[in-house]
>>> print(open('my_file.pdb').read())   # PDB, C-alpha atoms, pLDDT in the B column
ATOM      1  CA  MET A   1      39.255 -91.788 -39.689  1.00 60.00           C
ATOM      2  CA  GLU A   2      38.852 -88.320 -41.186  1.00 64.00           C
ATOM      3  CA  ARG A   3      42.527 -88.278 -42.195  1.00 69.00           C
ATOM      4  CA  ASN A   4      42.104 -91.569 -44.089  1.00 74.00           C
ATOM      5  CA  LEU A   5      39.035 -90.187 -45.855  1.00 67.00           C
ATOM      6  CA  VAL A   6      40.951 -87.079 -46.985  1.00 65.00           C
ATOM      7  CA  SER A   7      43.871 -89.254 -48.129  1.00 82.00           C
ATOM      8  CA  THR A   8      41.513 -91.530 -50.092  1.00 84.00           C
ATOM      9  CA  ARG A   9      39.787 -88.520 -51.684  1.00 83.00           C
ATOM     10  CA  THR A  10      43.148 -87.013 -52.650  1.00 83.00           C
ATOM     11  CA  LYS A  11      44.351 -90.284 -54.193  1.00 87.00           C
ATOM     12  CA  THR A  12      41.069 -90.671 -56.066  1.00 87.00           C
ATOM     13  CA  ARG A  13      41.254 -87.094 -57.361  1.00 84.00           C
ATOM     14  CA  LYS A  14      44.861 -87.542 -58.496  1.00 87.00           C
ATOM     15  CA  LEU A  15      44.048 -90.817 -60.224  1.00 88.00           C
ATOM     16  CA  THR A  16      40.981 -89.302 -61.910  1.00 89.00           C
ATOM     17  CA  THR A  17      42.958 -86.290 -63.165  1.00 88.00           C
ATOM     18  CA  PHE A  18      45.721 -88.574 -64.426  1.00 91.00           C
ATOM     19  CA  ALA A  19      43.274 -90.929 -66.178  1.00 92.00           C
ATOM     20  CA  MET A  20      41.409 -88.051 -67.830  1.00 90.00           C
ATOM     21  CA  LEU A  21      44.593 -86.440 -69.139  1.00 91.00           C
ATOM     22  CA  ALA A  22      46.062 -89.822 -70.178  1.00 93.00           C
ATOM     23  CA  ALA A  23      42.918 -90.470 -72.240  1.00 92.00           C
ATOM     24  CA  ILE A  24      43.324 -87.049 -73.869  1.00 92.00           C
ATOM     25  CA  SER A  25      46.989 -87.873 -74.588  1.00 92.00           C
ATOM     26  CA  ILE A  26      46.046 -91.151 -76.243  1.00 91.00           C
ATOM     27  CA  ILE A  27      43.433 -89.422 -78.408  1.00 91.00           C
ATOM     28  CA  LEU A  28      45.931 -86.705 -79.346  1.00 89.00           C
ATOM     29  CA  GLY A  29      48.693 -89.216 -79.994  1.00 88.00           C
ATOM     30  CA  PHE A  30      46.808 -91.423 -82.400  1.00 87.00           C
ATOM     31  CA  THR A  31      44.970 -88.725 -84.337  1.00 84.00           C
ATOM     32  CA  PRO A  32      46.292 -85.804 -86.377  1.00 81.00           C
ATOM     33  CA  LEU A  33      45.283 -83.502 -83.493  1.00 81.00           C
ATOM     34  CA  GLY A  34      48.327 -84.193 -81.321  1.00 81.00           C
ATOM     35  CA  ILE A  35      51.170 -84.621 -83.767  1.00 75.00           C
ATOM     36  CA  ILE A  36      51.107 -82.341 -86.775  1.00 73.00           C
ATOM     37  CA  PRO A  37      53.296 -83.762 -89.535  1.00 68.00           C
ATOM     38  CA  ILE A  38      55.647 -80.904 -90.405  1.00 68.00           C
ATOM     39  CA  PRO A  39      58.699 -82.532 -91.997  1.00 66.00           C
ATOM     40  CA  PRO A  40      61.195 -83.719 -91.043  1.00 66.00           C
ATOM     41  CA  VAL A  41      59.625 -84.307 -87.589  1.00 66.00           C
ATOM     42  CA  GLY A  42      56.132 -83.606 -86.309  1.00 66.00           C
ATOM     43  CA  ALA A  43      55.186 -80.568 -84.270  1.00 72.00           C
ATOM     44  CA  THR A  44      53.217 -81.565 -81.203  1.00 84.00           C
ATOM     45  CA  ILE A  45      50.858 -80.481 -78.453  1.00 88.00           C
ATOM     46  CA  MET A  46      51.217 -83.844 -76.707  1.00 92.00           C
ATOM     47  CA  HIS A  47      53.399 -82.307 -74.013  1.00 95.00           C
ATOM     48  CA  ILE A  48      50.523 -80.150 -72.744  1.00 95.00           C
ATOM     49  CA  PRO A  49      48.740 -82.914 -70.742  1.00 96.00           C
ATOM     50  CA  VAL A  50      52.133 -83.742 -69.181  1.00 97.00           C
ATOM     51  CA  ILE A  51      52.603 -80.131 -68.083  1.00 98.00           C
ATOM     52  CA  ILE A  52      49.059 -79.856 -66.728  1.00 97.00           C
ATOM     53  CA  THR A  53      49.376 -83.128 -64.796  1.00 97.00           C
ATOM     54  CA  ALA A  54      52.695 -82.067 -63.273  1.00 97.00           C
ATOM     55  CA  ILE A  55      51.450 -78.646 -62.187  1.00 97.00           C
ATOM     56  CA  LEU A  56      48.246 -80.027 -60.684  1.00 96.00           C
ATOM     57  CA  GLU A  57      49.365 -83.377 -59.282  1.00 95.00           C
ATOM     58  CA  GLY A  58      53.124 -83.270 -58.808  1.00 95.00           C
ATOM     59  CA  PRO A  59      56.329 -84.534 -60.393  1.00 97.00           C
ATOM     60  CA  VAL A  60      55.653 -88.265 -60.053  1.00 96.00           C
ATOM     61  CA  LEU A  61      52.345 -88.214 -61.926  1.00 96.00           C
ATOM     62  CA  GLY A  62      53.845 -85.624 -64.299  1.00 97.00           C
ATOM     63  CA  ALA A  63      56.701 -88.017 -65.121  1.00 97.00           C
ATOM     64  CA  LEU A  64      54.214 -90.887 -65.526  1.00 97.00           C
ATOM     65  CA  MET A  65      52.173 -88.776 -67.949  1.00 97.00           C
ATOM     66  CA  GLY A  66      55.442 -88.079 -69.759  1.00 97.00           C
ATOM     67  CA  LEU A  67      55.909 -91.843 -69.950  1.00 97.00           C
ATOM     68  CA  VAL A  68      52.492 -92.095 -71.635  1.00 97.00           C
ATOM     69  CA  PHE A  69      53.584 -89.416 -74.148  1.00 96.00           C
ATOM     70  CA  GLY A  70      56.912 -91.180 -74.693  1.00 96.00           C
ATOM     71  CA  ILE A  71      55.300 -94.555 -75.337  1.00 96.00           C
ATOM     72  CA  ILE A  72      52.914 -92.946 -77.828  1.00 95.00           C
ATOM     73  CA  SER A  73      55.897 -91.277 -79.523  1.00 93.00           C
ATOM     74  CA  PHE A  74      57.724 -94.627 -79.653  1.00 96.00           C
ATOM     75  CA  VAL A  75      54.673 -96.390 -81.146  1.00 95.00           C
ATOM     76  CA  ASN A  76      54.136 -93.588 -83.677  1.00 91.00           C
ATOM     77  CA  ALA A  77      57.770 -93.900 -84.776  1.00 92.00           C
ATOM     78  CA  ILE A  78      56.972 -97.482 -85.751  1.00 94.00           C
ATOM     79  CA  MET A  79      53.456 -96.950 -87.140  1.00 92.00           C
ATOM     80  CA  LYS A  80      53.924 -93.569 -88.889  1.00 88.00           C
ATOM     81  CA  PRO A  81      57.628 -93.302 -89.686  1.00 88.00           C
ATOM     82  CA  THR A  82      59.359 -90.069 -90.639  1.00 86.00           C
ATOM     83  CA  VAL A  83      62.986 -89.596 -91.690  1.00 89.00           C
ATOM     84  CA  LEU A  84      64.063 -89.449 -88.016  1.00 90.00           C
ATOM     85  CA  SER A  85      61.858 -92.276 -86.718  1.00 92.00           C
ATOM     86  CA  PHE A  86      64.842 -94.590 -86.410  1.00 95.00           C
ATOM     87  CA  ALA A  87      66.046 -92.357 -83.556  1.00 95.00           C
ATOM     88  CA  ALA A  88      62.620 -92.194 -81.867  1.00 94.00           C
ATOM     89  CA  MET A  89      62.617 -96.000 -81.710  1.00 96.00           C
ATOM     90  CA  ASN A  90      65.230 -95.614 -78.966  1.00 97.00           C
ATOM     91  CA  PRO A  91      63.562 -95.015 -75.564  1.00 97.00           C
ATOM     92  CA  LEU A  92      66.406 -92.628 -74.632  1.00 97.00           C
ATOM     93  CA  VAL A  93      65.144 -90.362 -77.410  1.00 97.00           C
ATOM     94  CA  SER A  94      61.380 -90.930 -77.343  1.00 96.00           C
ATOM     95  CA  ILE A  95      60.643 -91.640 -73.668  1.00 97.00           C
ATOM     96  CA  VAL A  96      63.246 -90.177 -71.284  1.00 97.00           C
ATOM     97  CA  PRO A  97      62.976 -86.526 -72.453  1.00 97.00           C
ATOM     98  CA  ARG A  98      59.171 -86.782 -72.294  1.00 97.00           C
ATOM     99  CA  MET A  99      59.298 -87.985 -68.680  1.00 97.00           C
ATOM    100  CA  LEU A 100      61.524 -85.013 -67.846  1.00 98.00           C
ATOM    101  CA  ILE A 101      58.819 -82.630 -69.117  1.00 98.00           C
ATOM    102  CA  GLY A 102      56.709 -83.402 -66.044  1.00 97.00           C
ATOM    103  CA  ILE A 103      59.618 -82.966 -63.659  1.00 98.00           C
ATOM    104  CA  VAL A 104      60.660 -79.637 -65.215  1.00 98.00           C
ATOM    105  CA  ALA A 105      57.036 -78.398 -65.283  1.00 98.00           C
ATOM    106  CA  TYR A 106      56.445 -79.198 -61.613  1.00 98.00           C
ATOM    107  CA  TYR A 107      59.695 -77.771 -60.264  1.00 98.00           C
ATOM    108  CA  ALA A 108      59.553 -74.664 -62.452  1.00 97.00           C
ATOM    109  CA  TYR A 109      56.033 -74.019 -61.124  1.00 97.00           C
ATOM    110  CA  ASP A 110      57.036 -74.809 -57.544  1.00 96.00           C
ATOM    111  CA  LEU A 111      60.244 -72.760 -57.529  1.00 96.00           C
ATOM    112  CA  ILE A 112      58.776 -69.584 -59.046  1.00 94.00           C
ATOM    113  CA  LYS A 113      57.950 -67.495 -55.993  1.00 91.00           C
ATOM    114  CA  LEU A 114      55.410 -65.126 -57.512  1.00 92.00           C
ATOM    115  CA  LYS A 115      51.849 -64.537 -56.423  1.00 92.00           C
ATOM    116  CA  ASN A 116      50.713 -64.233 -60.030  1.00 96.00           C
ATOM    117  CA  GLU A 117      49.529 -67.756 -60.912  1.00 95.00           C
ATOM    118  CA  THR A 118      49.190 -66.918 -64.601  1.00 96.00           C
ATOM    119  CA  ILE A 119      52.899 -66.130 -64.866  1.00 96.00           C
ATOM    120  CA  LYS A 120      53.866 -69.197 -62.808  1.00 97.00           C
ATOM    121  CA  VAL A 121      51.824 -71.546 -65.018  1.00 98.00           C
ATOM    122  CA  GLY A 122      52.943 -69.813 -68.238  1.00 97.00           C
ATOM    123  CA  VAL A 123      56.658 -69.924 -67.386  1.00 97.00           C
ATOM    124  CA  SER A 124      56.328 -73.535 -66.269  1.00 98.00           C
ATOM    125  CA  ALA A 125      54.641 -74.454 -69.563  1.00 98.00           C
ATOM    126  CA  ALA A 126      57.318 -72.621 -71.568  1.00 97.00           C
ATOM    127  CA  LEU A 127      60.242 -74.245 -69.734  1.00 97.00           C
ATOM    128  CA  ALA A 128      58.687 -77.712 -69.927  1.00 98.00           C
ATOM    129  CA  THR A 129      58.130 -77.257 -73.672  1.00 96.00           C
ATOM    130  CA  LEU A 130      61.758 -76.219 -74.022  1.00 95.00           C
ATOM    131  CA  MET A 131      62.730 -79.408 -72.171  1.00 96.00           C
ATOM    132  CA  ASN A 132      60.728 -81.441 -74.680  1.00 95.00           C
ATOM    133  CA  THR A 133      62.337 -79.804 -77.702  1.00 94.00           C
ATOM    134  CA  VAL A 134      65.909 -79.728 -76.369  1.00 94.00           C
ATOM    135  CA  GLY A 135      65.633 -83.211 -74.858  1.00 96.00           C
ATOM    136  CA  PHE A 136      64.248 -84.884 -77.972  1.00 94.00           C
ATOM    137  CA  LEU A 137      66.435 -83.164 -80.574  1.00 93.00           C
ATOM    138  CA  GLY A 138      69.445 -83.121 -78.242  1.00 94.00           C
ATOM    139  CA  MET A 139      69.269 -86.878 -77.760  1.00 96.00           C
ATOM    140  CA  ILE A 140      69.002 -87.355 -81.530  1.00 95.00           C
ATOM    141  CA  TYR A 141      72.144 -85.266 -81.941  1.00 94.00           C
ATOM    142  CA  LEU A 142      74.060 -86.994 -79.123  1.00 95.00           C
ATOM    143  CA  LEU A 143      73.148 -90.536 -80.133  1.00 96.00           C
ATOM    144  CA  TYR A 144      72.538 -90.324 -83.876  1.00 96.00           C
ATOM    145  CA  ALA A 145      74.367 -87.304 -85.346  1.00 94.00           C
ATOM    146  CA  GLU A 146      75.775 -89.198 -88.323  1.00 95.00           C
ATOM    147  CA  PRO A 147      72.636 -91.180 -89.295  1.00 95.00           C
ATOM    148  CA  ALA A 148      70.498 -88.069 -88.684  1.00 93.00           C
ATOM    149  CA  ALA A 149      72.748 -86.038 -90.979  1.00 93.00           C
ATOM    150  CA  LYS A 150      72.400 -88.665 -93.689  1.00 94.00           C
ATOM    151  CA  ALA A 151      68.598 -88.883 -93.245  1.00 92.00           C
ATOM    152  CA  LEU A 152      68.257 -85.087 -93.359  1.00 89.00           C
ATOM    153  CA  GLY A 153      70.632 -84.638 -96.283  1.00 90.00           C
ATOM    154  CA  GLN A 154      73.074 -82.662 -94.135  1.00 90.00           C
ATOM    155  CA  LYS A 155      76.792 -82.902 -93.427  1.00 91.00           C
ATOM    156  CA  VAL A 156      77.701 -84.320 -90.026  1.00 90.00           C
ATOM    157  CA  ASP A 157      79.403 -81.065 -89.029  1.00 90.00           C
ATOM    158  CA  THR A 158      76.261 -79.025 -89.834  1.00 91.00           C
ATOM    159  CA  VAL A 159      73.553 -81.346 -88.507  1.00 91.00           C
ATOM    160  CA  GLY A 160      73.749 -79.731 -85.048  1.00 90.00           C
ATOM    161  CA  LYS A 161      72.952 -76.325 -86.530  1.00 91.00           C
ATOM    162  CA  PHE A 162      70.177 -77.851 -88.623  1.00 90.00           C
ATOM    163  CA  LEU A 163      68.611 -79.449 -85.518  1.00 90.00           C
ATOM    164  CA  LEU A 164      68.921 -76.117 -83.691  1.00 91.00           C
ATOM    165  CA  VAL A 165      67.009 -74.362 -86.476  1.00 90.00           C
ATOM    166  CA  LEU A 166      64.473 -77.212 -86.474  1.00 85.00           C
ATOM    167  CA  GLY A 167      64.111 -76.859 -82.709  1.00 87.00           C
ATOM    168  CA  THR A 168      63.483 -73.149 -83.091  1.00 89.00           C
ATOM    169  CA  THR A 169      60.948 -73.448 -85.920  1.00 87.00           C
ATOM    170  CA  HIS A 170      59.023 -76.206 -84.136  1.00 84.00           C
ATOM    171  CA  GLY A 171      59.798 -75.369 -80.500  1.00 88.00           C
ATOM    172  CA  LEU A 172      58.785 -71.705 -80.374  1.00 90.00           C
ATOM    173  CA  PRO A 173      55.277 -72.258 -81.797  1.00 89.00           C
ATOM    174  CA  GLU A 174      54.863 -75.310 -79.527  1.00 91.00           C
ATOM    175  CA  MET A 175      55.899 -73.145 -76.568  1.00 93.00           C
ATOM    176  CA  GLY A 176      53.394 -70.415 -77.427  1.00 92.00           C
ATOM    177  CA  VAL A 177      50.577 -72.906 -77.896  1.00 91.00           C
ATOM    178  CA  ALA A 178      51.474 -74.679 -74.636  1.00 94.00           C
ATOM    179  CA  VAL A 179      51.342 -71.433 -72.672  1.00 96.00           C
ATOM    180  CA  LEU A 180      48.023 -70.376 -74.257  1.00 95.00           C
ATOM    181  CA  ILE A 181      46.351 -73.750 -73.659  1.00 95.00           C
ATOM    182  CA  THR A 182      47.867 -74.690 -70.292  1.00 97.00           C
ATOM    183  CA  ILE A 183      46.952 -71.540 -68.373  1.00 97.00           C
ATOM    184  CA  PRO A 184      43.134 -71.681 -68.799  1.00 96.00           C
ATOM    185  CA  ILE A 185      42.997 -75.471 -68.375  1.00 95.00           C
ATOM    186  CA  VAL A 186      45.010 -75.398 -65.127  1.00 96.00           C
ATOM    187  CA  PHE A 187      42.769 -72.626 -63.775  1.00 95.00           C
ATOM    188  CA  ALA A 188      39.604 -74.482 -64.834  1.00 94.00           C
ATOM    189  CA  ILE A 189      40.682 -77.750 -63.206  1.00 91.00           C
ATOM    190  CA  LYS A 190      41.797 -75.939 -60.031  1.00 89.00           C
ATOM    191  CA  LYS A 191      38.369 -74.303 -59.861  1.00 89.00           C
ATOM    192  CA  ILE A 192      36.635 -77.686 -60.198  1.00 83.00           C
ATOM    193  CA  LYS A 193      38.920 -79.222 -57.527  1.00 74.00           C
ATOM    194  CA  ARG A 194      37.894 -76.662 -54.879  1.00 68.00           C
TER     195      ARG A 194
END
>>> encode(input="my_file.pdb", output="structure tokens")
Amino acid sequence: MERNLVSTRTKTRKLTTFAMLAAISIILGFTPLGIIPIPPVGATIMHIPVIITAILEGPVLGALMGLVFGIISFVNAIMKPTVLSFAAMNPLVSIVPRMLIGIVAYYAYDLIKLKNETIKVGVSAALATLMNTVGFLGMIYLLYAEPAAKALGQKVDTVGKFLLVLGTTHGLPEMGVAVLITIPIVFAIKKIKR
């Protein structure tokens, strides 16, 4: 009986955390708060709820939160198009890399064998952000190098370098912001969960 009660409480807590962070993702995704339009693609903080969910509730819910982010990205590509939106209308570009954020965040956190939780959460947030940037821009390059080059006014043989620079200019600030925001939120939620 007691075991069932603990299991029910755990499931309820996980579902509540997921729902709360999914609601935050939806608010971020459909307001200027979550996707900052910096041409040619938007910079984002939408990956942060994915990272937090994965660290707190595991890779499955992390991947599902990534699915929420990916669907929002897909919808935004249709509703608020940019020069690369044609690529984001492909789920392999907009959804799959976002689901991998949660998996990378969880396993990075789990595999780092340090006692310092701040470093574990920070490194996990940084690696998951890197997954977002490399996954999204990498899929654009792999699937749409020629159309992306044309849309960006680049030559096909230089579009890879252009996307690498774009990944650096967008990815590094996103990584720093993710680390700064994720650490205190994870600690705050862990404190509440006790």
>>> residues_around(input="my_file.pdb", residues="segment 105-116 of chain A", least_positions_apart="6", cutoff="6 Å", atoms="only C-alpha atoms", output="PDB file with C-alpha atoms, in the coordinates of the input")
ATOM      1  CA  ILE A  51      52.603 -80.131 -68.083  1.00 98.00           C
ATOM      2  CA  ALA A  54      52.695 -82.067 -63.273  1.00 97.00           C
ATOM      3  CA  ILE A  55      51.450 -78.646 -62.187  1.00 97.00           C
ATOM      4  CA  GLY A  58      53.124 -83.270 -58.808  1.00 95.00           C
ATOM      5  CA  PRO A  59      56.329 -84.534 -60.393  1.00 97.00           C
ATOM      6  CA  SER A 124      56.328 -73.535 -66.269  1.00 98.00           C
ATOM      7  CA  ALA A 128      58.687 -77.712 -69.927  1.00 98.00           C
TER       8      ALA A 128
END
>>> residues_near_point(input="my_file.pdb", point="(47.0, -78.2, -67.8)", cutoff="6 Å", atoms="all atoms listed in the file", output="list in words")
Pro49, Ile51, Ile52, Thr182, Ile185 and Val186 of chain A
>>> atom_distance(input="my_file.pdb", atom1="atom CA of Asn76 of chain A", atom2="atom CA of His47 of chain A")
14.9 Å
>>> atom_distance(input="my_file.pdb", atom1="atom CA of Ala145 of chain A", atom2="atom CA of Phe86 of chain A")
12.0 Å
>>> resolve_selection(input="my_file.pdb", expression="the PyMOL selection byres ((chain A and resi 8-15) around 9)", output="list in words")
Arg3, Asn4, Leu5, Val6, Ser7, Thr16, Thr17, Phe18, Ala19, Met20, Thr53, Leu56, Glu57, Leu61 and Lys193 of chain A
>>> resolve_selection(input="my_file.pdb", expression="the PyMOL selection byres ((chain A and resi 137) around 12)", output="PDB file with C-alpha atoms, in the coordinates of the input")
ATOM      1  CA  PRO A  40      61.195 -83.719 -91.043  1.00 66.00           C
ATOM      2  CA  VAL A  41      59.625 -84.307 -87.589  1.00 66.00           C
ATOM      3  CA  GLY A  42      56.132 -83.606 -86.309  1.00 66.00           C
ATOM      4  CA  LEU A  84      64.063 -89.449 -88.016  1.00 90.00           C
ATOM      5  CA  SER A  85      61.858 -92.276 -86.718  1.00 92.00           C
ATOM      6  CA  ALA A  87      66.046 -92.357 -83.556  1.00 95.00           C
ATOM      7  CA  ALA A  88      62.620 -92.194 -81.867  1.00 94.00           C
ATOM      8  CA  LEU A  92      66.406 -92.628 -74.632  1.00 97.00           C
ATOM      9  CA  VAL A  93      65.144 -90.362 -77.410  1.00 97.00           C
ATOM     10  CA  SER A  94      61.380 -90.930 -77.343  1.00 96.00           C
ATOM     11  CA  PRO A  97      62.976 -86.526 -72.453  1.00 97.00           C
ATOM     12  CA  ARG A  98      59.171 -86.782 -72.294  1.00 97.00           C
ATOM     13  CA  LEU A 130      61.758 -76.219 -74.022  1.00 95.00           C
ATOM     14  CA  MET A 131      62.730 -79.408 -72.171  1.00 96.00           C
ATOM     15  CA  ASN A 132      60.728 -81.441 -74.680  1.00 95.00           C
ATOM     16  CA  THR A 133      62.337 -79.804 -77.702  1.00 94.00           C
ATOM     17  CA  VAL A 134      65.909 -79.728 -76.369  1.00 94.00           C
ATOM     18  CA  GLY A 135      65.633 -83.211 -74.858  1.00 96.00           C
ATOM     19  CA  PHE A 136      64.248 -84.884 -77.972  1.00 94.00           C
ATOM     20  CA  GLY A 138      69.445 -83.121 -78.242  1.00 94.00           C
ATOM     21  CA  MET A 139      69.269 -86.878 -77.760  1.00 96.00           C
ATOM     22  CA  ILE A 140      69.002 -87.355 -81.530  1.00 95.00           C
ATOM     23  CA  TYR A 141      72.144 -85.266 -81.941  1.00 94.00           C
ATOM     24  CA  LEU A 142      74.060 -86.994 -79.123  1.00 95.00           C
ATOM     25  CA  LEU A 143      73.148 -90.536 -80.133  1.00 96.00           C
ATOM     26  CA  TYR A 144      72.538 -90.324 -83.876  1.00 96.00           C
ATOM     27  CA  ALA A 145      74.367 -87.304 -85.346  1.00 94.00           C
ATOM     28  CA  ALA A 148      70.498 -88.069 -88.684  1.00 93.00           C
ATOM     29  CA  VAL A 159      73.553 -81.346 -88.507  1.00 91.00           C
ATOM     30  CA  GLY A 160      73.749 -79.731 -85.048  1.00 90.00           C
ATOM     31  CA  LYS A 161      72.952 -76.325 -86.530  1.00 91.00           C
ATOM     32  CA  PHE A 162      70.177 -77.851 -88.623  1.00 90.00           C
ATOM     33  CA  LEU A 163      68.611 -79.449 -85.518  1.00 90.00           C
ATOM     34  CA  LEU A 164      68.921 -76.117 -83.691  1.00 91.00           C
ATOM     35  CA  VAL A 165      67.009 -74.362 -86.476  1.00 90.00           C
ATOM     36  CA  LEU A 166      64.473 -77.212 -86.474  1.00 85.00           C
ATOM     37  CA  GLY A 167      64.111 -76.859 -82.709  1.00 87.00           C
ATOM     38  CA  THR A 168      63.483 -73.149 -83.091  1.00 89.00           C
ATOM     39  CA  HIS A 170      59.023 -76.206 -84.136  1.00 84.00           C
ATOM     40  CA  GLY A 171      59.798 -75.369 -80.500  1.00 88.00           C
TER      41      GLY A 171
END
>>> closest_residue(input="my_file.pdb", among="A:Lys190, A:Val50, A:Leu28, A:Met175", to="Gly122 of chain A", atoms="only C-alpha atoms")
A:Met175
>>> closest_residue(input="my_file.pdb", among="A:Ala149, A:Ala126, A:Ala63, A:Val121", to="Glu174 of chain A", atoms="all atoms listed in the file")
A:Ala126
>>> atom_distance(input="my_file.pdb", atom1="atom CA of Lys80 of chain A", atom2="atom CA of Ala125 of chain A")
27.2 Å
>>> closest_residue(input="my_file.pdb", among="A:Thr169, A:Leu127, A:Val83, A:Glu117", to="Pro147 of chain A", atoms="only C-alpha atoms")
A:Val83
>>> closest_residue(input="my_file.pdb", among="A:Pro91, A:Gly34, A:Gly176, A:Gly62", to="Val75 of chain A", atoms="only C-alpha atoms")
A:Pro91
>>> axis_aligned_box(input="my_file.pdb", around="segment 173-187 of chain A", padding_each_side="8 Å", output="JSON")
{"center_x": 49.3, "center_y": -72.9, "center_z": -72.8, "size_x": 29.1, "size_y": 21.1, "size_z": 34.0}
>>> build_atoms(input="my_file.pdb", residues="segment 94-105 of chain A", atoms="N, CA and C atoms", output="tab-separated table (two decimals), in the frame of the given file")
chain	number	residue	atom	x	y	z
A	94	SER	N	62.83	-91.13	-77.32
A	94	SER	CA	61.38	-90.93	-77.34
A	94	SER	C	60.73	-90.89	-75.96
A	95	ILE	N	61.32	-91.53	-74.97
A	95	ILE	CA	60.64	-91.64	-73.67
A	95	ILE	C	61.28	-90.78	-72.59
A	96	VAL	N	62.59	-90.88	-72.40
A	96	VAL	CA	63.25	-90.18	-71.28
A	96	VAL	C	63.01	-88.66	-71.32
A	97	PRO	N	63.23	-87.98	-72.46
A	97	PRO	CA	62.98	-86.53	-72.45
A	97	PRO	C	61.52	-86.18	-72.13
A	98	ARG	N	60.59	-87.05	-72.54
A	98	ARG	CA	59.17	-86.78	-72.29
A	98	ARG	C	58.84	-86.93	-70.81
A	99	MET	N	59.50	-87.85	-70.12
A	99	MET	CA	59.30	-87.98	-68.68
A	99	MET	C	59.84	-86.75	-67.95
A	100	LEU	N	60.93	-86.19	-68.47
A	100	LEU	CA	61.52	-85.01	-67.85
A	100	LEU	C	60.65	-83.77	-67.98
A	101	ILE	N	59.74	-83.76	-68.96
A	101	ILE	CA	58.82	-82.63	-69.12
A	101	ILE	C	58.04	-82.41	-67.82
A	102	GLY	N	57.50	-83.50	-67.27
A	102	GLY	CA	56.71	-83.40	-66.04
A	102	GLY	C	57.52	-82.92	-64.85
A	103	ILE	N	58.75	-83.37	-64.77
A	103	ILE	CA	59.62	-82.97	-63.66
A	103	ILE	C	59.97	-81.48	-63.79
A	104	VAL	N	60.34	-81.05	-64.99
A	104	VAL	CA	60.66	-79.64	-65.22
A	104	VAL	C	59.43	-78.76	-64.96
A	105	ALA	N	58.26	-79.19	-65.46
A	105	ALA	CA	57.04	-78.40	-65.28
A	105	ALA	C	56.72	-78.21	-63.80
